[in-house]
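Structure below is protein_34.txt: compact mmCIF, C-alpha atoms and all ligand atoms.
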# COMPACT_ATOMS: atom_id res chain seq x y z
CA MET Z 1 -30.43 29.08 -2.95
CA ASN Z 2 -29.95 27.26 -6.25
CA PHE Z 3 -32.65 27.22 -8.93
CA GLU Z 4 -30.69 25.07 -11.39
CA LEU Z 5 -31.20 21.41 -12.05
CA THR Z 6 -28.26 19.13 -11.32
CA LYS Z 7 -26.48 17.58 -14.32
CA GLU Z 8 -28.12 14.26 -13.47
CA GLN Z 9 -31.60 15.83 -13.31
CA GLN Z 10 -31.06 17.72 -16.57
CA ALA Z 11 -29.83 14.60 -18.37
CA TYR Z 12 -32.85 12.67 -17.10
CA VAL Z 13 -35.30 15.38 -18.21
CA ASP Z 14 -33.67 15.62 -21.66
CA GLU Z 15 -33.84 11.86 -22.19
CA LEU Z 16 -37.41 11.63 -20.92
CA ARG Z 17 -38.55 14.58 -23.07
CA ASP Z 18 -37.00 13.07 -26.17
CA PHE Z 19 -38.62 9.70 -25.45
CA LEU Z 20 -42.04 11.31 -24.86
CA GLN Z 21 -41.90 13.25 -28.12
CA LYS Z 22 -40.90 10.20 -30.14
CA GLU Z 23 -42.79 7.39 -28.46
CA VAL Z 24 -45.70 8.81 -26.49
CA ALA Z 25 -46.97 12.05 -28.05
CA PRO Z 26 -47.85 10.59 -31.48
CA GLY Z 27 -50.45 8.10 -30.13
CA ALA Z 28 -51.73 10.12 -27.16
CA ALA Z 29 -54.97 11.39 -28.72
CA GLU Z 30 -55.78 7.95 -30.13
CA ARG Z 31 -55.18 6.24 -26.79
CA ASP Z 32 -57.40 8.85 -25.15
CA GLU Z 33 -60.21 8.19 -27.65
CA SER Z 34 -59.95 4.45 -26.98
CA GLU Z 35 -60.83 5.02 -23.28
CA ASP Z 36 -58.56 2.10 -22.54
CA PHE Z 37 -55.48 2.02 -20.29
CA SER Z 38 -53.81 -0.85 -22.23
CA GLY Z 39 -51.74 1.45 -24.46
CA ALA Z 40 -50.48 3.58 -21.58
CA PHE Z 41 -49.81 0.44 -19.53
CA ASP Z 42 -47.69 -0.96 -22.36
CA ILE Z 43 -45.64 2.25 -22.49
CA LEU Z 44 -45.18 2.26 -18.73
CA MET Z 45 -44.21 -1.36 -18.27
CA ASN Z 46 -42.42 -2.17 -21.52
CA LYS Z 47 -40.72 1.11 -22.38
CA MET Z 48 -40.34 3.26 -19.26
CA GLY Z 49 -40.01 0.46 -16.69
CA PRO Z 50 -36.87 -1.08 -18.23
CA LYS Z 51 -35.18 2.36 -18.12
CA GLY Z 52 -35.73 2.46 -14.36
CA TRP Z 53 -37.94 5.55 -14.63
CA LEU Z 54 -40.87 4.02 -12.73
CA GLY Z 55 -38.60 4.10 -9.68
CA VAL Z 56 -37.02 7.51 -10.26
CA SER Z 57 -37.70 8.78 -6.73
CA ILE Z 58 -37.44 5.42 -4.92
CA PRO Z 59 -34.16 4.90 -3.05
CA LYS Z 60 -31.46 2.89 -4.83
CA GLU Z 61 -31.41 0.21 -2.13
CA TYR Z 62 -34.99 -0.62 -3.10
CA GLY Z 63 -34.41 -0.82 -6.82
CA GLY Z 64 -35.07 2.83 -7.71
CA LEU Z 65 -32.88 5.54 -9.22
CA GLY Z 66 -32.76 7.43 -5.91
CA MET Z 67 -33.23 10.82 -7.58
CA GLY Z 68 -35.74 12.16 -5.08
CA VAL Z 69 -39.20 13.69 -5.23
CA ILE Z 70 -37.89 16.66 -7.25
CA SER Z 71 -37.24 14.23 -10.09
CA TYR Z 72 -40.71 12.75 -9.66
CA ALA Z 73 -42.10 16.29 -10.11
CA LEU Z 74 -39.84 16.95 -13.11
CA SER Z 75 -41.16 13.72 -14.66
CA MET Z 76 -44.76 14.82 -14.16
CA PHE Z 77 -44.06 18.22 -15.77
CA GLU Z 78 -42.95 16.35 -18.90
CA ILE Z 79 -45.40 13.42 -19.01
CA GLY Z 80 -48.32 15.70 -18.10
CA GLN Z 81 -47.80 17.67 -21.31
CA VAL Z 82 -48.29 14.59 -23.39
CA ASP Z 83 -50.48 11.79 -22.03
CA SER Z 84 -52.64 11.82 -18.91
CA GLY Z 85 -53.03 8.02 -18.84
CA VAL Z 86 -49.29 7.47 -18.71
CA ALA Z 87 -49.05 10.35 -16.21
CA ALA Z 88 -51.72 8.95 -13.87
CA GLY Z 89 -50.22 5.45 -13.92
CA PHE Z 90 -46.74 6.82 -13.33
CA SER Z 91 -47.86 9.15 -10.56
CA VAL Z 92 -49.84 6.61 -8.54
CA GLY Z 93 -46.99 4.13 -8.91
CA LEU Z 94 -44.49 6.60 -7.43
CA SER Z 95 -46.60 8.05 -4.66
CA LEU Z 96 -49.87 6.58 -3.39
CA GLY Z 97 -49.06 2.95 -4.19
CA THR Z 98 -45.50 2.97 -2.87
CA VAL Z 99 -45.00 5.71 -0.25
CA PRO Z 100 -46.90 3.72 2.43
CA ILE Z 101 -44.60 0.73 1.79
CA GLN Z 102 -41.50 2.92 1.66
CA ASP Z 103 -42.31 4.79 4.87
CA PHE Z 104 -44.27 2.23 6.89
CA GLY Z 105 -43.20 -1.16 5.49
CA SER Z 106 -40.78 -3.66 7.05
CA GLU Z 107 -37.52 -4.51 5.29
CA GLU Z 108 -39.07 -7.79 4.13
CA GLN Z 109 -42.15 -6.02 2.73
CA LYS Z 110 -39.96 -3.49 0.92
CA GLN Z 111 -37.83 -6.19 -0.68
CA LYS Z 112 -40.89 -8.20 -1.72
CA TYR Z 113 -43.18 -5.40 -2.95
CA LEU Z 114 -41.29 -2.12 -3.38
CA VAL Z 115 -38.34 -3.49 -5.36
CA PRO Z 116 -40.35 -4.99 -8.28
CA VAL Z 117 -42.45 -1.80 -8.50
CA ALA Z 118 -39.33 0.41 -8.52
CA GLN Z 119 -37.77 -1.80 -11.19
CA GLY Z 120 -40.86 -1.37 -13.35
CA LYS Z 121 -41.81 -5.06 -13.24
CA LYS Z 122 -45.09 -4.49 -11.38
CA LEU Z 123 -47.49 -1.56 -11.15
CA SER Z 124 -48.98 -0.45 -7.83
CA ALA Z 125 -52.28 1.11 -6.78
CA PHE Z 126 -53.90 2.61 -3.68
CA GLY Z 127 -57.27 1.81 -2.13
CA LEU Z 128 -58.64 4.49 0.19
CA THR Z 129 -61.78 6.07 -1.31
CA GLU Z 130 -65.17 4.48 -0.65
CA GLU Z 131 -68.76 5.45 -1.36
CA ASN Z 132 -68.99 7.13 2.09
CA ALA Z 133 -65.31 7.93 2.60
CA GLY Z 134 -64.14 10.48 0.02
CA SER Z 135 -63.11 13.83 1.48
CA ASP Z 136 -63.89 12.42 4.95
CA ALA Z 137 -61.36 9.65 4.44
CA ALA Z 138 -61.48 8.40 8.04
CA MET Z 139 -65.05 7.08 7.55
CA GLN Z 140 -63.77 3.73 6.25
CA GLU Z 141 -66.39 0.99 6.02
CA THR Z 142 -64.08 -1.68 4.63
CA THR Z 143 -63.21 -3.95 7.54
CA ALA Z 144 -60.21 -6.13 8.31
CA VAL Z 145 -60.88 -8.70 11.02
CA ARG Z 146 -58.00 -10.66 12.50
CA ASP Z 147 -58.27 -14.44 12.10
CA GLY Z 148 -55.17 -16.31 13.23
CA ASP Z 149 -52.26 -15.33 11.02
CA ASP Z 150 -54.54 -13.54 8.56
CA TYR Z 151 -57.00 -10.68 8.29
CA ILE Z 152 -60.34 -11.09 6.51
CA LEU Z 153 -61.15 -8.04 4.38
CA ASN Z 154 -64.68 -7.08 3.37
CA GLY Z 155 -65.75 -3.92 1.57
CA LYS Z 156 -65.52 -1.92 -1.60
CA LYS Z 157 -63.15 0.82 -2.82
CA ILE Z 158 -64.10 3.13 -5.67
CA TYR Z 159 -62.36 5.26 -8.35
CA ILE Z 160 -59.12 3.30 -8.03
CA THR Z 161 -56.53 4.34 -10.62
CA ASN Z 162 -54.51 1.48 -12.20
CA ALA Z 163 -57.10 -1.06 -10.94
CA GLU Z 164 -56.82 -4.54 -12.44
CA PHE Z 165 -53.58 -3.61 -14.27
CA ALA Z 166 -51.68 -3.19 -10.99
CA GLU Z 167 -50.26 -6.20 -9.15
CA VAL Z 168 -49.64 -4.55 -5.76
CA TYR Z 169 -52.41 -2.69 -3.86
CA THR Z 170 -52.01 -0.66 -0.66
CA VAL Z 171 -55.46 -0.89 0.91
CA MET Z 172 -56.87 0.87 3.97
CA ALA Z 173 -59.36 -0.97 6.17
CA MET Z 174 -60.90 -0.49 9.60
CA THR Z 175 -59.46 -2.80 12.25
CA ASP Z 176 -61.04 -0.96 15.22
CA LYS Z 177 -64.00 1.29 14.48
CA SER Z 178 -64.08 2.65 18.05
CA LYS Z 179 -60.77 4.43 17.40
CA GLY Z 180 -61.87 6.35 14.28
CA ALA Z 181 -58.93 7.45 12.13
CA ASN Z 182 -56.57 5.67 14.52
CA GLY Z 183 -58.46 2.41 13.99
CA ILE Z 184 -57.53 2.24 10.30
CA SER Z 185 -54.78 -0.14 9.18
CA ALA Z 186 -52.96 -0.47 5.86
CA PHE Z 187 -52.47 -3.76 4.02
CA ILE Z 188 -50.62 -4.86 0.93
CA VAL Z 189 -52.97 -6.97 -1.16
CA GLU Z 190 -51.74 -8.85 -4.20
CA LYS Z 191 -53.80 -9.11 -7.35
CA GLY Z 192 -55.11 -12.65 -7.62
CA THR Z 193 -55.77 -13.06 -3.89
CA PRO Z 194 -59.02 -15.09 -3.58
CA GLY Z 195 -61.93 -12.81 -2.65
CA PHE Z 196 -60.35 -9.78 -4.32
CA THR Z 197 -62.06 -8.77 -7.58
CA PHE Z 198 -62.66 -5.66 -9.68
CA GLY Z 199 -65.90 -3.85 -10.43
CA LYS Z 200 -67.00 -1.64 -13.26
CA GLN Z 201 -64.74 0.73 -15.15
CA GLU Z 202 -65.74 4.35 -14.64
CA VAL Z 203 -66.73 6.45 -17.67
CA LYS Z 204 -65.35 9.96 -17.13
CA MET Z 205 -65.21 13.55 -18.34
CA GLY Z 206 -61.45 13.35 -18.96
CA ILE Z 207 -58.24 11.35 -18.42
CA TRP Z 208 -59.74 8.74 -20.73
CA SER Z 209 -56.54 6.79 -21.27
CA SER Z 210 -56.22 6.03 -17.55
CA VAL Z 211 -58.33 3.45 -15.73
CA GLN Z 212 -60.44 3.78 -12.57
CA LYS Z 213 -62.36 0.79 -11.20
CA GLU Z 214 -63.81 -0.59 -7.98
CA LEU Z 215 -61.83 -2.94 -5.76
CA ILE Z 216 -64.16 -5.52 -4.20
CA PHE Z 217 -63.18 -7.53 -1.12
CA GLU Z 218 -65.38 -10.47 -0.17
CA ASN Z 219 -63.97 -12.50 2.69
CA CYS Z 220 -60.55 -11.82 1.23
CA ARG Z 221 -57.86 -13.47 3.36
CA VAL Z 222 -54.70 -11.34 3.59
CA PRO Z 223 -51.68 -12.52 5.62
CA ALA Z 224 -51.03 -10.46 8.78
CA ALA Z 225 -47.47 -10.25 7.44
CA ASN Z 226 -48.86 -7.88 4.78
CA ARG Z 227 -50.06 -5.30 7.32
CA LEU Z 228 -47.95 -2.15 7.13
CA SER Z 229 -46.58 -1.18 10.55
CA GLU Z 230 -48.82 -1.61 13.59
CA GLU Z 231 -52.59 -1.75 13.61
CA GLY Z 232 -54.01 1.78 13.50
CA LYS Z 233 -51.23 3.35 11.43
CA GLY Z 234 -53.12 3.13 8.12
CA PHE Z 235 -54.61 6.64 8.14
CA LYS Z 236 -51.23 8.24 8.77
CA ALA Z 237 -49.71 6.11 5.99
CA ALA Z 238 -52.49 7.23 3.62
CA MET Z 239 -52.09 10.90 4.57
CA LYS Z 240 -48.32 10.73 4.05
CA ALA Z 241 -48.84 9.10 0.65
CA LEU Z 242 -51.29 11.87 -0.28
CA ASP Z 243 -48.84 14.55 0.86
CA VAL Z 244 -46.36 13.20 -1.71
CA GLY Z 245 -49.03 12.42 -4.30
CA ARG Z 246 -50.28 16.01 -4.21
CA ILE Z 247 -46.82 17.17 -5.36
CA GLY Z 248 -47.32 14.84 -8.32
CA ILE Z 249 -50.81 16.18 -9.08
CA GLY Z 250 -49.54 19.75 -8.83
CA ALA Z 251 -46.74 18.83 -11.25
CA LEU Z 252 -49.19 17.05 -13.56
CA SER Z 253 -51.38 20.17 -13.59
CA VAL Z 254 -48.35 22.24 -14.55
CA GLY Z 255 -47.44 19.77 -17.30
CA ASN Z 256 -50.97 19.58 -18.68
CA ALA Z 257 -51.21 23.40 -18.69
CA MET Z 258 -47.81 23.67 -20.41
CA GLY Z 259 -49.04 21.30 -23.12
CA ALA Z 260 -52.10 23.49 -23.76
CA TYR Z 261 -50.06 26.72 -23.56
CA LYS Z 262 -47.50 25.54 -26.13
CA LYS Z 263 -50.26 24.61 -28.59
CA ALA Z 264 -51.96 27.99 -28.04
CA MET Z 265 -48.66 29.85 -28.52
CA ALA Z 266 -47.87 28.00 -31.75
CA PHE Z 267 -51.37 28.70 -33.07
CA ALA Z 268 -51.23 32.38 -32.08
CA LYS Z 269 -48.03 32.84 -34.11
CA GLU Z 270 -49.47 31.11 -37.18
CA ARG Z 271 -53.08 32.18 -37.30
CA ILE Z 272 -53.65 35.27 -39.43
CA THR Z 273 -56.70 37.46 -38.92
CA PHE Z 274 -57.17 40.96 -40.29
CA GLY Z 275 -53.83 40.62 -42.07
CA LYS Z 276 -51.57 39.76 -39.13
CA PRO Z 277 -50.83 36.89 -36.70
CA ILE Z 278 -53.26 36.96 -33.78
CA ILE Z 279 -50.36 37.12 -31.30
CA THR Z 280 -49.83 40.72 -32.42
CA ASN Z 281 -53.17 41.58 -30.81
CA GLN Z 282 -52.66 42.63 -27.22
CA ALA Z 283 -55.82 40.76 -26.24
CA ILE Z 284 -54.09 37.50 -27.22
CA SER Z 285 -50.50 38.28 -26.21
CA PHE Z 286 -51.61 39.35 -22.72
CA MET Z 287 -53.57 36.12 -22.34
CA LEU Z 288 -50.43 34.18 -23.25
CA ALA Z 289 -48.34 36.28 -20.86
CA ASP Z 290 -50.78 35.54 -18.03
CA MET Z 291 -50.77 31.85 -18.88
CA ALA Z 292 -46.95 31.67 -18.83
CA MET Z 293 -46.82 33.64 -15.57
CA GLN Z 294 -49.34 31.35 -13.84
CA ILE Z 295 -47.56 28.21 -15.04
CA GLU Z 296 -44.24 29.57 -13.79
CA ALA Z 297 -45.65 30.36 -10.34
CA ALA Z 298 -47.23 26.90 -10.00
CA LYS Z 299 -44.06 25.19 -11.20
CA TRP Z 300 -41.94 26.78 -8.48
CA MET Z 301 -44.53 26.04 -5.78
CA VAL Z 302 -44.43 22.38 -6.81
CA LEU Z 303 -40.62 22.29 -6.85
CA HIS Z 304 -40.44 23.98 -3.46
CA ALA Z 305 -42.76 21.36 -1.91
CA ALA Z 306 -40.70 18.59 -3.56
CA TRP Z 307 -37.46 20.13 -2.29
CA LEU Z 308 -38.82 20.32 1.28
CA CYS Z 309 -39.83 16.66 1.02
CA ASP Z 310 -36.39 15.63 -0.24
CA GLN Z 311 -34.77 17.62 2.60
CA GLY Z 312 -36.82 15.68 5.16
CA LYS Z 313 -38.56 18.89 6.25
CA PRO Z 314 -42.35 19.24 6.82
CA PHE Z 315 -44.02 19.68 3.44
CA GLY Z 316 -47.73 18.81 3.82
CA LYS Z 317 -48.92 22.43 3.78
CA GLU Z 318 -46.72 23.30 0.80
CA SER Z 319 -47.79 20.21 -1.17
CA ALA Z 320 -51.47 21.08 -0.54
CA MET Z 321 -50.80 24.68 -1.63
CA ALA Z 322 -48.97 23.55 -4.76
CA LYS Z 323 -51.67 21.03 -5.74
CA CYS Z 324 -54.47 23.51 -5.13
CA PHE Z 325 -52.85 26.47 -6.88
CA ALA Z 326 -51.54 24.43 -9.81
CA SER Z 327 -54.83 22.67 -10.52
CA ASP Z 328 -56.88 25.89 -10.28
CA MET Z 329 -54.30 27.47 -12.59
CA GLY Z 330 -54.59 24.48 -14.95
CA MET Z 331 -58.32 24.99 -15.46
CA LYS Z 332 -57.84 28.67 -16.29
CA VAL Z 333 -54.85 28.16 -18.59
CA CYS Z 334 -56.40 25.24 -20.49
CA SER Z 335 -59.68 27.13 -20.89
CA ASP Z 336 -57.76 30.16 -22.25
CA ALA Z 337 -55.82 27.90 -24.61
CA VAL Z 338 -59.11 26.61 -26.07
CA GLN Z 339 -60.28 30.23 -26.34
CA ILE Z 340 -57.18 31.27 -28.29
CA LEU Z 341 -57.70 28.45 -30.76
CA GLY Z 342 -61.38 29.40 -31.04
CA GLY Z 343 -63.54 26.90 -32.92
CA LYS Z 344 -60.50 24.78 -33.64
CA GLY Z 345 -59.78 24.57 -29.94
CA TYR Z 346 -63.23 23.16 -29.28
CA LEU Z 347 -62.83 20.33 -31.79
CA ARG Z 348 -62.03 16.84 -30.57
CA ASP Z 349 -59.31 16.39 -33.20
CA GLY Z 350 -57.68 19.70 -32.29
CA ASP Z 351 -56.01 18.03 -29.28
CA VAL Z 352 -56.39 21.10 -27.04
CA GLU Z 353 -59.82 20.40 -25.57
CA ARG Z 354 -58.27 17.19 -24.16
CA HIS Z 355 -56.09 19.33 -21.87
CA LEU Z 356 -59.16 21.16 -20.58
CA ARG Z 357 -61.05 17.91 -19.91
CA ASP Z 358 -57.98 16.47 -18.19
CA ALA Z 359 -57.44 19.61 -16.08
CA LYS Z 360 -60.75 19.34 -14.21
CA ILE Z 361 -59.94 16.14 -12.33
CA GLN Z 362 -56.76 17.71 -10.94
CA GLN Z 363 -58.97 19.96 -8.77
CA ILE Z 364 -60.76 16.91 -7.44
CA TYR Z 365 -58.60 13.81 -6.97
CA GLU Z 366 -56.00 13.27 -4.25
CA GLY Z 367 -58.16 15.58 -2.17
CA THR Z 368 -60.52 18.20 -3.55
CA ASN Z 369 -59.20 21.74 -3.55
CA GLN Z 370 -61.62 22.39 -0.68
CA VAL Z 371 -59.81 19.67 1.32
CA GLN Z 372 -56.47 21.25 0.35
CA ARG Z 373 -57.69 24.53 1.84
CA MET Z 374 -58.65 22.61 5.03
CA VAL Z 375 -55.13 21.15 5.20
CA ILE Z 376 -53.54 24.56 4.54
CA SER Z 377 -55.68 26.48 7.02
CA ARG Z 378 -55.23 23.87 9.77
CA ALA Z 379 -51.44 24.07 9.26
CA LEU Z 380 -51.50 27.87 9.28
CA GLU Z 381 -53.47 27.87 12.52
CA LYS Z 382 -50.69 25.84 14.17
CA GLU Z 383 -47.87 28.17 13.01
N1 LIG E 401 -49.39 13.02 7.80
C1 LIG E 401 -49.36 12.23 8.87
N2 LIG E 401 -50.38 12.13 9.77
C2 LIG E 401 -51.46 12.87 9.53
C3 LIG E 401 -51.57 13.74 8.40
C4 LIG E 401 -50.48 13.80 7.54
N3 LIG E 401 -50.49 14.59 6.45
N4 LIG E 401 -52.77 14.35 8.43
C5 LIG E 401 -53.41 13.89 9.53
N5 LIG E 401 -52.62 13.01 10.19
C6 LIG E 401 -52.89 12.32 11.45
C7 LIG E 401 -53.26 13.33 12.54
O1 LIG E 401 -52.09 13.80 13.18
C8 LIG E 401 -54.13 12.50 13.45
O2 LIG E 401 -53.32 11.66 14.24
P1 LIG E 401 -53.43 11.68 15.89
O3 LIG E 401 -54.85 11.32 16.19
O4 LIG E 401 -52.44 10.68 16.32
O5 LIG E 401 -53.11 13.10 16.27
C9 LIG E 401 -54.88 11.59 12.49
O6 LIG E 401 -54.06 11.50 11.30
C10 LIG E 401 -56.25 12.11 12.12
O7 LIG E 401 -56.05 13.41 11.59
P2 LIG E 401 -57.23 14.47 11.45
O8 LIG E 401 -58.01 14.53 12.72
O9 LIG E 401 -56.64 15.73 10.91
O10 LIG E 401 -58.14 13.77 10.32
P3 LIG E 401 -59.51 14.23 9.68
O11 LIG E 401 -60.47 13.11 9.78
O12 LIG E 401 -59.93 15.56 10.20
O13 LIG E 401 -59.12 14.34 8.11
C11 LIG E 401 -58.30 15.36 6.09
C12 LIG E 401 -58.19 15.20 7.62
C13 LIG E 401 -59.52 16.11 5.65
C14 LIG E 401 -57.03 16.14 5.72
C15 LIG E 401 -58.26 13.96 5.42
O14 LIG E 401 -59.46 13.24 5.65
C16 LIG E 401 -58.06 14.05 3.90
O15 LIG E 401 -56.94 14.27 3.43
N6 LIG E 401 -59.14 13.87 3.13
C17 LIG E 401 -59.06 13.81 1.67
C18 LIG E 401 -58.73 12.42 1.25
C19 LIG E 401 -58.22 12.37 -0.12
O16 LIG E 401 -57.29 13.07 -0.50
N7 LIG E 401 -58.81 11.49 -0.89
C20 LIG E 401 -58.38 11.25 -2.23
C21 LIG E 401 -58.11 9.79 -2.35
S1 LIG E 401 -56.90 9.35 -3.48
S2 LIG E 401 -57.59 9.88 -5.23
Take the structure from the file and write it as structure tokens.
Ligand code: COS
Amino acid sequence: MNFELTKEQQAYVDELRDFLQKEVAPGAAERDESEDFSGAFDILMNKMGPKGWLGVSIPKEYGGLGMGVISYALSMFEIGQVDSGVAAGFSVGLSLGTVPIQDFGSEEQKQKYLVPVAQGKKLSAFGLTEENAGSDAAMQETTAVRDGDDYILNGKKIYITNAEFAEVYTVMAMTDKSKGANGISAFIVEKGTPGFTFGKQEVKMGIWSSVQKELIFENCRVPAANRLSEEGKGFKAAMKALDVGRIGIGALSVGNAMGAYKKAMAFAKERITFGKPIITNQAISFMLADMAMQIEAAKWMVLHAAWLCDQGKPFGKESAMAKCFASDMGMKVCSDAVQILGGKGYLRDGDVERHLRDAKIQQIYEGTNQVQRMVISRALEKE
């Protein structure tokens, strides 16, 4: 067993960390306040893309750096500390938007769609959730009806991260309702396809610098050549993408909690009450010890799931465990960080309450933590 990063991983983390401190951290609060993804999009496409980082875990033969899912998790630990908009865009681009193409796409589809995403020239997104298909993802109402060499898509997806900014969308639609989950197919839909438009931008509790919108399909003609694998494989492609994506959300939760913890630690060393720094009070130092301990546990759960994935071993249970544990941990740690800063922590310009707002969604998206417990318990039953 080896708990050390490779030289390549360490060099990547060092360079990324330095970049984030210089180029991303300074404007993070302002971008958040703007409730606009444009700033994060600019960082992703114009600064991180050219370095190849948007393809860090995508194999080299498809334009990526080929550094595996561990490096995707390491990226999320770092970006999550700084800017949730950049983190959400990065995460979706490396998991939900691309894993279905990577694992279920043809060579031609990979060359056409995966390569430009890995090279940071295009952003990707993922369309699964609908008004009546959230946790019960198989209840897809969007339809894809075959018409000659095309499919005609009709329906609406909601809460789609990167919507309108992304160029490449992996979209699930029902091709045979009688087959339930096995009647769902996955399609690559390009932005600009006639009949494909975007709905309203959601106004949220947190992750303000990321974007979530509706995808609307009205008699949208998609070439059959853009269907991933055979008809009926869409649900499996979506579940596989979520298995990987949940490693990213677990890692993002760890990163976001680390960001809050570091600010709380710095404050606890500086803040004087009753003649001494508040960290000298056991009430505060034990809180910080618990926070560090919880972050450490979640970090290793995430890395273990990522390692299993990179080894080609089953990892769905472990990724659900890591996502669930890390995001529950994130709420507690970020709440405690606000508590340590007291009134200052509650202020919008204190930059710590942002971590708490951003932590909540981690328990919800890419499968609520109740769904994670379903995935975990079903897997345990089979052991
Ligand atoms: N990888 C590959 N295949 C999978 C899979 C996985 N992780 N999970 C399920 N499948 C397969 C099953 O093997 C089954 O295939 P067969 O019929 O060939 O055996 C099929 O998919 C249906 O599986 P199942 O019956 O378990 O599906 P359910 O309808 O019970 O749904 C859950 C399972 C709850 C796990 C699923 O709906 C889910 O993950 N929901 C949450 C969705 C989500 O995360 N949404 C967030 C959107 S992105 S922000």
> Contacts of segment 113-116 of chain Z at 8 Å or less, counting only C-alpha atoms, minus same-chain residues fewer than 3 places along, as a VMD selection string?
Replying inline: chain Z and resid 62 to 64 98 101 to 102 109 to 110 119 to 122 168
Closest-contact table, segment 251-291 of chain Z side, partner segment 75-80 of chain Z, 10 Å, counting only C-alpha atoms, as JSON lines:
{"residue": "Z:Ala251", "atom": "CA", "partner": "Z:Phe77", "partner_atom": "CA", "distance": 5.3}
{"residue": "Z:Leu252", "atom": "CA", "partner": "Z:Gly80", "partner_atom": "CA", "distance": 4.8}
{"residue": "Z:Ser253", "atom": "CA", "partner": "Z:Gly80", "partner_atom": "CA", "distance": 7.0}
{"residue": "Z:Val254", "atom": "CA", "partner": "Z:Phe77", "partner_atom": "CA", "distance": 6.0}
{"residue": "Z:Gly255", "atom": "CA", "partner": "Z:Phe77", "partner_atom": "CA", "distance": 4.0}
{"residue": "Z:Asn256", "atom": "CA", "partner": "Z:Gly80", "partner_atom": "CA", "distance": 4.7}
{"residue": "Z:Ala257", "atom": "CA", "partner": "Z:Gly80", "partner_atom": "CA", "distance": 8.2}
{"residue": "Z:Met258", "atom": "CA", "partner": "Z:Phe77", "partner_atom": "CA", "distance": 8.1}
{"residue": "Z:Gly259", "atom": "CA", "partner": "Z:Gly80", "partner_atom": "CA", "distance": 7.6}
>> Residues within 7 Å of segment 228-245 of chain Z, please, as number ranges by chain. Count all atoms listed in the file; anything in the same chain fewer than 2 positions from it doesn't count.
In response: Z: 95-96, 99-101, 104-105, 172, 181-187, 226, 247-249, 316, 319, 366
Find the residues with any atom within 12 Å of (-42.8, -0.3, -23.6); use all atoms listed in the file and the coordinates as given in the file, and write the answer as a PDB file with C-alpha atoms, in the frame of the given file.
ATOM      1  CA  PHE Z  19     -38.620   9.700 -25.450  1.00  0.00           C
ATOM      2  CA  LEU Z  20     -42.040  11.310 -24.860  1.00  0.00           C
ATOM      3  CA  GLU Z  23     -42.790   7.390 -28.460  1.00  0.00           C
ATOM      4  CA  VAL Z  24     -45.700   8.810 -26.490  1.00  0.00           C
ATOM      5  CA  SER Z  38     -53.810  -0.850 -22.230  1.00  0.00           C
ATOM      6  CA  GLY Z  39     -51.740   1.450 -24.460  1.00  0.00           C
ATOM      7  CA  ALA Z  40     -50.480   3.580 -21.580  1.00  0.00           C
ATOM      8  CA  PHE Z  41     -49.810   0.440 -19.530  1.00  0.00           C
ATOM      9  CA  ASP Z  42     -47.690  -0.960 -22.360  1.00  0.00           C
ATOM     10  CA  ILE Z  43     -45.640   2.250 -22.490  1.00  0.00           C
ATOM     11  CA  LEU Z  44     -45.180   2.260 -18.730  1.00  0.00           C
ATOM     12  CA  MET Z  45     -44.210  -1.360 -18.270  1.00  0.00           C
ATOM     13  CA  ASN Z  46     -42.420  -2.170 -21.520  1.00  0.00           C
ATOM     14  CA  LYS Z  47     -40.720   1.110 -22.380  1.00  0.00           C
ATOM     15  CA  MET Z  48     -40.340   3.260 -19.260  1.00  0.00           C
ATOM     16  CA  GLY Z  49     -40.010   0.460 -16.690  1.00  0.00           C
ATOM     17  CA  PRO Z  50     -36.870  -1.080 -18.230  1.00  0.00           C
ATOM     18  CA  LYS Z  51     -35.180   2.360 -18.120  1.00  0.00           C
ATOM     19  CA  GLY Z  52     -35.730   2.460 -14.360  1.00  0.00           C
ATOM     20  CA  TRP Z  53     -37.940   5.550 -14.630  1.00  0.00           C
ATOM     21  CA  LEU Z  54     -40.870   4.020 -12.730  1.00  0.00           C
ATOM     22  CA  VAL Z  86     -49.290   7.470 -18.710  1.00  0.00           C
ATOM     23  CA  GLY Z 120     -40.860  -1.370 -13.350  1.00  0.00           C
ATOM     24  CA  LYS Z 121     -41.810  -5.060 -13.240  1.00  0.00           C
TER      25      LYS Z 121
END
So which residues are close to (-59.1, 1.9, 0.7), meaning at most 10 Å away in the file's coordinates with all atoms listed in the file counted, and can you show them as a compact mmCIF listing (two decimals) with C-alpha atoms, keeping the file's coordinate frame?
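The resulting file, point12.txt, is shown below:
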# COMPACT_ATOMS: atom_id res chain seq x y z
CA PHE Z 126 -53.90 2.61 -3.68
CA GLY Z 127 -57.27 1.81 -2.13
CA LEU Z 128 -58.64 4.49 0.19
CA THR Z 129 -61.78 6.07 -1.31
CA GLU Z 130 -65.17 4.48 -0.65
CA ALA Z 133 -65.31 7.93 2.60
CA GLY Z 134 -64.14 10.48 0.02
CA ALA Z 137 -61.36 9.65 4.44
CA GLN Z 140 -63.77 3.73 6.25
CA GLU Z 141 -66.39 0.99 6.02
CA THR Z 142 -64.08 -1.68 4.63
CA THR Z 143 -63.21 -3.95 7.54
CA GLY Z 155 -65.75 -3.92 1.57
CA LYS Z 156 -65.52 -1.92 -1.60
CA LYS Z 157 -63.15 0.82 -2.82
CA ILE Z 158 -64.10 3.13 -5.67
CA ILE Z 160 -59.12 3.30 -8.03
CA TYR Z 169 -52.41 -2.69 -3.86
CA THR Z 170 -52.01 -0.66 -0.66
CA VAL Z 171 -55.46 -0.89 0.91
CA MET Z 172 -56.87 0.87 3.97
CA ALA Z 173 -59.36 -0.97 6.17
CA MET Z 174 -60.90 -0.49 9.60
CA ILE Z 184 -57.53 2.24 10.30
CA SER Z 185 -54.78 -0.14 9.18
CA ALA Z 186 -52.96 -0.47 5.86
CA PHE Z 187 -52.47 -3.76 4.02
CA LEU Z 215 -61.83 -2.94 -5.76
CA GLY Z 234 -53.12 3.13 8.12
CA PHE Z 235 -54.61 6.64 8.14
CA ALA Z 238 -52.49 7.23 3.62
